[in-house]
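Q: Okay, handing you the structure first.
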Amino acid sequence: MAIIPSLPYTLESIAYASALGLLSMGLSLTFATTRVANFAHADFAMVGSVVMLFLIDRFYYLHHGWGVFLTGSIVGGIFGGITGLLTYLIVLKPLADKGTSSLGLMIATFGIDIILMNLLTLILDTAHGVHIPKLIGASVSSYEPILSLRGYRVFGYTIVLPIAAVLLTVIFHLFLTRTKFGIAMRATIENPDLASVLGVNVNLVYMVSWFFSGFLAGVAGALMAFAFKGVDPAVSALIIVSVFAGSIVGGLESVYWGLIGGFLVGLVEKLGMTIINSIYRQYFVLHLGAPNVSLLNYEKLLSLGLVVIVLLYAPQGLAGVDWGRLARRLGLKKPVEGGG
Amino acid sequence: MPGEDIVRVEGLNAGYGRFHILFDIDLDVSRGEIFVIVGPNGSGKSTLLKTLFGLTKVYSGRILFEGHDITRMPPHARAKMGLAYLPQVGNVFSELSVAENLKMAGYTLDSSVLDEKIREVLEIFPFLKDKLNAKAKTLSGGQRQLLAMAMALIREPKIFMFDEPTAGLAPKAAQEVVDRILWLRRELGKTVILVEQNAKLALEIGDRAILLVSGRIAFKGKASELLSDKELGKRYLGLKG
Amino acid sequence: MEWWIFSDAFLITLFSFITVSISLNLEAGYTGIPNFGKHLFVFVGAFAAQGVGVRIAALIYEKLQPQAAQEALAQLRSMVPGATWSSLVHAAADVDANRIVVNNYLRPFFVSHVAAEALLLVTLLLVTVGLALFFGLIASYAALRLREEYLAILLLSFAELMVLVVFYQSQSLNGGNQGLWAITFTKDPVRFALVGSGVLAVIAYFYADRLANSPMGRAMRAVRDDEVAAEVFGRDIASIRLKVILISSVLAGLAGFFFIQNAALSTSLTFNRVIWTFLPWAMIILGGMANNLGAVVGTVVFLLAKRLFEYYQVQIAHLFHLGSASIAATLLPNIFIGVVMILTLYFLPQGILPEGPSRTVNFEEILAETSSEAGEAGGEESK
Ligand SMILES: Nc1ncnc2c1ncn2[C@@H]1O[C@H](COP(=O)(O)OP(=O)(O)O)[C@@H](O)[C@H]1O
Ligand SMILES: [Mg+2]
C-alpha cells in the first residue's frame, strides 16, 4: 500500500512537526505575556538557520559528526534568543511605554520581519566564508550524519529534532512549575497587576519570555536548516503561516497548547497531505481522469483549513475546549454528578 | 498607639482619566479599627479603595499613610509600606495552585523566611493544608477569599482593605470571612477598611463608617449610628425600616 | 537630480501605490481593519489581465477570427502537444506558447480592432471588479467575526497562501512559477498604464476624500474608535466594514490591473508582502493614518527614497562594501523602509499629516445623531 508514507518521510514529517511545535510554543508565550502577535517569529528561526550555516562553514565542513546538532542548537538558540530580547527591548517596550496600540505593535513586528529577512539575506549574500557559497545553493543535509534504519537512509536531524522538542518542553515545564521566577511568569500571564502589586518585576518577566521565545525559535531554525534545500531567509514567509496556524489551533494564549497545536499542524501538513495525495493519484487520477498534478505543493492549504475550522467551531482553540464534557458527550466517559 | 490616624484623606478628587468619580473626600481611619464604607452600587466604593492603593488618577487632594504623603506613590511601593488591598475580583491567581499563590504572595521575601511565613499562615487557615496542590480556581468562593486573606497576611501588612469580601458567598462562608476579619483586628491588632454591599452585616461589625452616594460622603460617623438611621438606611442601603 | 525621476515606470508605480495606499487607509486608517493581506487584493487585478485575460481574449479571438485561430493553434500544438484553443489551459501552462499566442496573435488583432479591444477592456475591468468583490467577501466574512489579532493573522496567511502557494504552484491558473504575459491594451501599453493608473489614482483620492467627510466616514471612524458608539450603531457595524472592504478591494484590484500593463510578464511573486502590503502600511503610517493626503505624501516620500537607492546603487554598494549593486537596490531599501516605519511609530505616531482633532469622532454627537435619526438607539445612554 503506497498510501502509508515511508519511514524516512514519516520521520521527516515528525521532525517538521516538532519544529513547528517549538515555534508555536514560543509565539504563544510572547502573546500570552505581552499580548503581541509577533509577525517576525519565523525570522527568529531563520537566525538559527543562518547560524547553523556558519557553524558548518567554519567548524563542521567535511566533518559529519553529531556535534553539529548540539553546538548548532545552543548557539542558534542563543542568537535567536538575543534577537527576541532585542526586539522587545529596542522596539516593542519603548513603543508600548509610549502607549502604542496593539495594532501598532503588530505592525512594528511586521517591520522587524521585513528588516530581519532582508538583513539575513544581506549577510548570506555578502558572507566571505570558505564554503558558504556552496552551502547556500545546496542542501546542508549532506553535512550531517546519516543513519541506516531498516534499509532506509535516515537523516540525523529527523532524530534530533523530536528529541530536542521533548527535552526543551520538559525543561520549560520544570522552569514554569519549579522555580519562583517561572511561577511568577505564569502569575504575570494571568494577572500582571496583581503580580506587580506582590513585587514581581513584570518587565523582567517580559524580557525573559521574549528571550525564551527567540531561543526556542533559534533551536528549531538551526535544526530545520537541514530540511531546507539551501537556507533562504525568504522561507520565513511560508513558515510563519504554519506557526500562526499552530498557535491559533492551540489557542494563542496557552503555551502548552501552542506546542500541541504546532505539532498537529505540522503532522497534518506533511502526513495528511501525502495520504490525500496518494488517494488522489490512485483513485481520482487513475480512475476518474482528474488532472495529473501533485497535491503535495499545496500542503499549507491544510493548515489554513484547520485554522478556519478551529476559528469557526472553537474560537479559543484546543485550549478552550471542555475536554471532559466532550468525552461525556461522545460517551467515552460516564457523566459525573455535580462538580464545579 | 491605638487611636492615632493610620490613614488620612484630605479633599480627594479622583477618577479614571476624564471620568471624575470621587468628589471632595475627607476621612481618617484610626489604627486598629474596622472602618466601613457602604453605599449603593456604582457610588464609587471600589474606586475609593483603588485610589488609596494608587490605581486611579488623583486630580487633587492628598492621601497620608502614617503621616507620609503617599498620593503619588506607585502601587508596589505602597505594598512595601504595609498596605494590602484585596480587590473584588482577581485577588488570587486562579490558574496557580494554592501553594504557588502563597509563594507569589511572599515573592520579595527570602525563601527561608517565606517558608516560615507560609507555615504560620497554614496554621491560621488549616483548610489550605489539604488544598496546597489544587488550583485556586477549584476553591469555593469563600475559600478563595480566605486564600487572598492568607496571601495578604504573609506580607504582614498594617492595614487590610477588603472590597466586598462576602459578595456571592453562601451565608456560612460569608460568616467565616467576617469572623476572620474580626480576628485580624482582635488577635493581630490590624486595621481594616471594609467595603460591603451587605450593609447590615458590615455595620454590625464596624467601628466607624461612611456612606458614599454618587462619589460624595453622605454620612460620616459611628457605624451603629448609620445602622439605626432609618432615613438613610432605607433610602440608600435597602435596610428594613 | 535628472529626468529619470519622472520616467514612465516610476510614475506608473507611484500612481498605483497612491491608489493602494488610499484603499488601505480606508480600511486600516479610517475603519480600523488590519488588512495584512493587501498584496493579494492587488494581485487580483493582475490575475484578471493574465490568467483570466488571456483566456477571455482567446475566446473572443476564436469567435471573430476562426481562420487565424486555427493557424495559431497549429503553431501552439507544435510546442505543447494536445493544446486546445478554447480552454487555453495548456497555452497558459507554457510560457513560450503563451508569449506567442498573446504577442503574435491576440495583441495585433485587438490593437487594430478598436471595438473588440474596447469590449475586451470593459470585460476585463468587470472581471477585476468581480474577483476583487469575491476575495473582499471572503475577507469580510472573517473581518465581521474575528478579533483584531486573529484577523490580521488570518488575512496575512490567506494572502500568502494564495500568492505563494496556489497561484505560484499551479501552472494552469496563472502560469505558476513561469509567469504569464498579461493582455495589454493599445499600441502603447506603457502610456495606457500611465493614463489608466493616473486617472485611477485621482478618482481614488477624491472618492476617498468625499467618503471620509460624509456621514459614512464618520461612521467608519466610530467603528474604529469607540466600542460603545459602535454598539449603538448595532447592525450597521457589519455593513460598514463590509462596504469598506469591498470598496478598498476594488480599488486595489484596479490598481493591480493597470500596474501589470507595464510589467506584462510576471509571476504572482511580483505581488509579495513586502512590496504590496508592508510598504503601503509604512506609507500610510508615515503620511498619517486616516488622512488621504497623508497617504499620498507617505507614498511619494517612500517611493522617492526607494528610487534614490536604485539610482545610487553602485555608489551605495561601494560605500558599504557590498558584493553587488543589486543588493543595494533591493535589500537595503527594504531594511530602510522597515526602520523608518518603526521610527515613525515612535517619534511621529500621528504621521506627517495627523488626522486632526476636528476630524475625530465625537461620541456625544454620534449618539445625538443616531437617536434623532433612528429615534430609538442611545436614548438611555446619552446622559
Ligand atoms: N475603569 C473605569 N473607567 C471608567 N469608569 C469606571 C471604571 N471603573 C468604574 N467606573 C465607574 O465609576 C463609578 C463607580 O464605580 P465603582 O467604584 O466600581 O462603584 P461601587 O464599587 O461603589 O459599586 C461607576 O459609575 C463606574 O461606571
Ligand atoms: Mg465595587
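Going by the C-alpha cells order, chains are called A, B, ..., each with residues numbered from 1, while ligands are numbered from 1 in the order shown.
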Residues near Lys57 in chain B, anyone? I mean within 8 Å using only C-alpha atoms, not counting same-chain ones fewer than 5 positions away, as a PyMOL selection string.

A: chain B and resi 14-17+51

Q: I need the residues from that last selection saved to file as a PDB file, in the first residue's frame (with all heavy atoms), if you can.

A:
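Output file out.pdb follows:
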```
ATOM      1  N   ALA B  14     -10.830  62.196  42.533  1.00  0.00           N
ATOM      2  CA  ALA B  14     -10.142  61.179  41.742  1.00  0.00           C
ATOM      3  C   ALA B  14     -11.111  60.518  40.776  1.00  0.00           C
ATOM      4  O   ALA B  14     -12.332  60.721  40.841  1.00  0.00           O
ATOM      5  CB  ALA B  14      -9.510  60.120  42.654  1.00  0.00           C
ATOM      6  N   GLY B  15     -10.568  59.766  39.844  1.00  0.00           N
ATOM      7  CA  GLY B  15     -11.397  59.066  38.854  1.00  0.00           C
ATOM      8  C   GLY B  15     -10.529  58.330  37.859  1.00  0.00           C
ATOM      9  O   GLY B  15      -9.364  58.032  38.117  1.00  0.00           O
ATOM     10  N   TYR B  16     -11.150  58.031  36.695  1.00  0.00           N
ATOM     11  CA  TYR B  16     -10.432  57.312  35.643  1.00  0.00           C
ATOM     12  C   TYR B  16     -10.288  58.241  34.449  1.00  0.00           C
ATOM     13  O   TYR B  16     -11.287  58.569  33.818  1.00  0.00           O
ATOM     14  CB  TYR B  16     -11.200  56.061  35.217  1.00  0.00           C
ATOM     15  CG  TYR B  16     -11.548  55.144  36.374  1.00  0.00           C
ATOM     16  CD1 TYR B  16     -12.782  55.250  37.018  1.00  0.00           C
ATOM     17  CD2 TYR B  16     -10.644  54.189  36.814  1.00  0.00           C
ATOM     18  CE1 TYR B  16     -13.102  54.415  38.071  1.00  0.00           C
ATOM     19  CE2 TYR B  16     -10.954  53.360  37.864  1.00  0.00           C
ATOM     20  CZ  TYR B  16     -12.191  53.471  38.496  1.00  0.00           C
ATOM     21  OH  TYR B  16     -12.501  52.651  39.538  1.00  0.00           O
ATOM     22  N   GLY B  17      -9.077  58.657  34.142  1.00  0.00           N
ATOM     23  CA  GLY B  17      -8.886  59.557  33.004  1.00  0.00           C
ATOM     24  C   GLY B  17      -9.781  60.768  33.161  1.00  0.00           C
ATOM     25  O   GLY B  17      -9.709  61.500  34.150  1.00  0.00           O
ATOM     26  N   THR B  51      -8.096  54.028  44.704  1.00  0.00           N
ATOM     27  CA  THR B  51      -7.362  55.290  44.819  1.00  0.00           C
ATOM     28  C   THR B  51      -6.400  55.245  45.998  1.00  0.00           C
ATOM     29  O   THR B  51      -5.259  55.704  45.905  1.00  0.00           O
ATOM     30  CB  THR B  51      -8.352  56.454  44.984  1.00  0.00           C
ATOM     31  OG1 THR B  51      -9.291  56.403  43.917  1.00  0.00           O
ATOM     32  CG2 THR B  51      -7.626  57.785  44.947  1.00  0.00           C
TER      33      THR B  51
END
```

Q: Select from chain C every residue with an atom at most 7 Å from any atom of chain A, then for each give the shortest pair of atoms and their distance in Å to one decimal, using only C-alpha atoms, rows by chain and rising number, as a Markdown table.

A:
```
| residue | atom | partner | partner_atom | distance |
| --- | --- | --- | --- | --- |
| C:Glu149 | CA | A:Ala37 | CA | 6.5 |
| C:Ser157 | CA | A:Val241 | CA | 5.2 |
| C:Leu161 | CA | A:Leu301 | CA | 6.9 |
| C:Val165 | CA | A:Tyr298 | CA | 6.4 |
| C:Val166 | CA | A:Tyr298 | CA | 6.9 |
| C:Gln169 | CA | A:Asn297 | CA | 6.7 |
| C:Val274 | CA | A:Ile114 | CA | 6.8 |
| C:Leu322 | CA | A:Thr126 | CA | 6.4 |
| C:Gly323 | CA | A:Thr126 | CA | 6.0 |
| C:Leu331 | CA | A:Asn118 | CA | 5.4 |
| C:Asn334 | CA | A:Ile114 | CA | 6.8 |
| C:Ile335 | CA | A:Ile115 | CA | 4.7 |
| C:Gly338 | CA | A:Gly111 | CA | 4.7 |
| C:Met341 | CA | A:Gly111 | CA | 7.0 |
| C:Ile342 | CA | A:Ala108 | CA | 5.8 |
| C:Tyr346 | CA | A:Leu95 | CA | 5.9 |
```

Q: Give me, as a short mmCIF file (atom, residue, chain, number, x, y, z; two decimals) with N, CA, C and O atoms, in the first residue's frame, all polymer residues having an atom no more than 12 Å from Ser254 in chain A, counting only C-alpha atoms and skipping those fewer than 6 positions away in the same chain.

A:
```cif
data_model
loop_
_atom_site.label_atom_id
_atom_site.label_comp_id
_atom_site.auth_asym_id
_atom_site.auth_seq_id
_atom_site.Cartn_x
_atom_site.Cartn_y
_atom_site.Cartn_z
N SER A 24 5.49 27.41 17.55
CA SER A 24 4.18 27.87 18.01
C SER A 24 4.18 28.09 19.51
O SER A 24 3.52 29.01 20.02
N MET A 25 4.93 27.25 20.24
CA MET A 25 5.01 27.42 21.68
C MET A 25 5.62 28.80 22.01
O MET A 25 5.10 29.53 22.84
N GLY A 26 6.68 29.15 21.31
CA GLY A 26 7.31 30.44 21.55
C GLY A 26 6.41 31.60 21.17
O GLY A 26 6.32 32.60 21.89
N LEU A 27 5.72 31.46 20.06
CA LEU A 27 4.80 32.52 19.62
C LEU A 27 3.70 32.73 20.67
O LEU A 27 3.37 33.85 21.04
N SER A 28 3.15 31.61 21.16
CA SER A 28 2.09 31.71 22.17
C SER A 28 2.63 32.32 23.46
O SER A 28 1.91 33.05 24.15
N LEU A 29 3.89 32.02 23.78
CA LEU A 29 4.46 32.54 25.03
C LEU A 29 4.49 34.07 25.02
O LEU A 29 4.01 34.72 25.95
N THR A 30 5.02 34.66 23.96
CA THR A 30 5.10 36.12 23.94
C THR A 30 3.71 36.73 23.79
O THR A 30 3.47 37.83 24.26
N PHE A 31 2.81 36.02 23.15
CA PHE A 31 1.45 36.56 23.07
C PHE A 31 0.80 36.53 24.44
O PHE A 31 0.14 37.48 24.85
N ALA A 32 1.00 35.43 25.17
CA ALA A 32 0.38 35.30 26.49
C ALA A 32 0.93 36.35 27.45
O ALA A 32 0.17 36.92 28.24
N THR A 33 2.22 36.63 27.40
CA THR A 33 2.78 37.60 28.35
C THR A 33 2.54 39.04 27.89
O THR A 33 1.97 39.83 28.63
N ARG A 35 0.95 40.16 24.97
CA ARG A 35 -0.18 40.38 24.07
C ARG A 35 0.24 40.92 22.71
O ARG A 35 -0.49 41.70 22.10
N ARG A 186 3.99 32.63 35.15
CA ARG A 186 2.60 32.21 34.98
C ARG A 186 1.65 33.17 35.68
O ARG A 186 0.56 33.47 35.18
N ILE A 189 1.23 36.17 33.49
CA ILE A 189 0.37 35.91 32.34
C ILE A 189 -1.09 36.07 32.76
O ILE A 189 -1.89 36.66 32.05
N GLU A 190 -1.42 35.56 33.96
CA GLU A 190 -2.83 35.60 34.36
C GLU A 190 -3.26 36.99 34.80
O GLU A 190 -4.34 37.46 34.44
N GLY A 246 -0.49 26.89 13.94
CA GLY A 246 -0.30 26.06 15.12
C GLY A 246 -0.76 26.78 16.38
O GLY A 246 -1.46 26.20 17.21
N SER A 247 -0.38 28.04 16.52
CA SER A 247 -0.75 28.77 17.74
C SER A 247 -2.26 28.98 17.82
O SER A 247 -2.85 28.89 18.88
N ILE A 248 -2.87 29.28 16.68
CA ILE A 248 -4.32 29.51 16.71
C ILE A 248 -5.05 28.21 17.02
O ILE A 248 -5.99 28.17 17.81
N ILE A 260 1.27 21.80 21.23
CA ILE A 260 0.46 20.72 20.64
C ILE A 260 -0.12 21.16 19.29
O ILE A 260 -0.11 20.41 18.32
N GLY A 261 -0.61 22.41 19.25
CA GLY A 261 -1.19 22.92 18.01
C GLY A 261 -0.17 22.91 16.87
O GLY A 261 -0.47 22.46 15.76
N GLY A 262 1.05 23.38 17.16
CA GLY A 262 2.08 23.40 16.14
C GLY A 262 2.41 22.00 15.66
O GLY A 262 2.54 21.75 14.45
N GLN A 316 -11.51 29.63 20.80
CA GLN A 316 -10.42 29.69 21.78
C GLN A 316 -9.35 28.63 21.50
O GLN A 316 -8.42 28.46 22.28
N GLY A 317 -9.51 27.92 20.40
CA GLY A 317 -8.55 26.88 20.07
C GLY A 317 -8.76 25.64 20.94
O GLY A 317 -9.72 25.55 21.70
N LEU A 318 -7.84 24.71 20.82
CA LEU A 318 -7.97 23.47 21.59
C LEU A 318 -7.93 23.75 23.08
O LEU A 318 -8.52 23.03 23.87
N ALA A 319 -7.22 24.82 23.48
CA ALA A 319 -7.12 25.14 24.91
C ALA A 319 -8.49 25.46 25.48
O ALA A 319 -8.73 25.27 26.67
N GLY A 320 -9.41 25.95 24.64
CA GLY A 320 -10.71 26.36 25.15
C GLY A 320 -11.75 25.26 25.12
O GLY A 320 -12.89 25.45 25.55
N GLU B 95 -5.17 30.19 38.04
CA GLU B 95 -4.51 29.10 37.32
C GLU B 95 -3.33 28.52 38.11
O GLU B 95 -2.73 27.53 37.70
#
```

Q: Give the residues of chain A that lie within 7 Å of chain B; count only C-alpha atoms, and format the answer as a ChimeraX atom specification.

A: /A:183-184,187,190,196-200

Q: Generate the output file for the selected residues, C-alpha atoms, as a PDB file, in the first residue's frame.

A:
```pdb
ATOM      1  CA  ILE A 183       5.730  30.694  38.778  1.00  0.00           C
ATOM      2  CA  ALA A 184       5.940  34.475  38.612  1.00  0.00           C
ATOM      3  CA  ALA A 187       1.224  34.608  37.557  1.00  0.00           C
ATOM      4  CA  GLU A 190      -2.825  35.599  34.355  1.00  0.00           C
ATOM      5  CA  SER A 196       3.290  43.597  40.260  1.00  0.00           C
ATOM      6  CA  VAL A 197       1.484  44.523  43.464  1.00  0.00           C
ATOM      7  CA  LEU A 198       3.059  41.427  45.026  1.00  0.00           C
ATOM      8  CA  GLY A 199       6.517  42.605  43.991  1.00  0.00           C
ATOM      9  CA  VAL A 200       7.114  40.765  40.707  1.00  0.00           C
TER      10      VAL A 200
END
```

Q: Do you know which residues are at most 7 Å from Leu161 in chain A counting only C-alpha atoms, after dropping those on the same chain fewer than 3 positions away, and could you put them as a ChimeraX atom specification?

A: /A:15,18-19,157-158,164-165,223
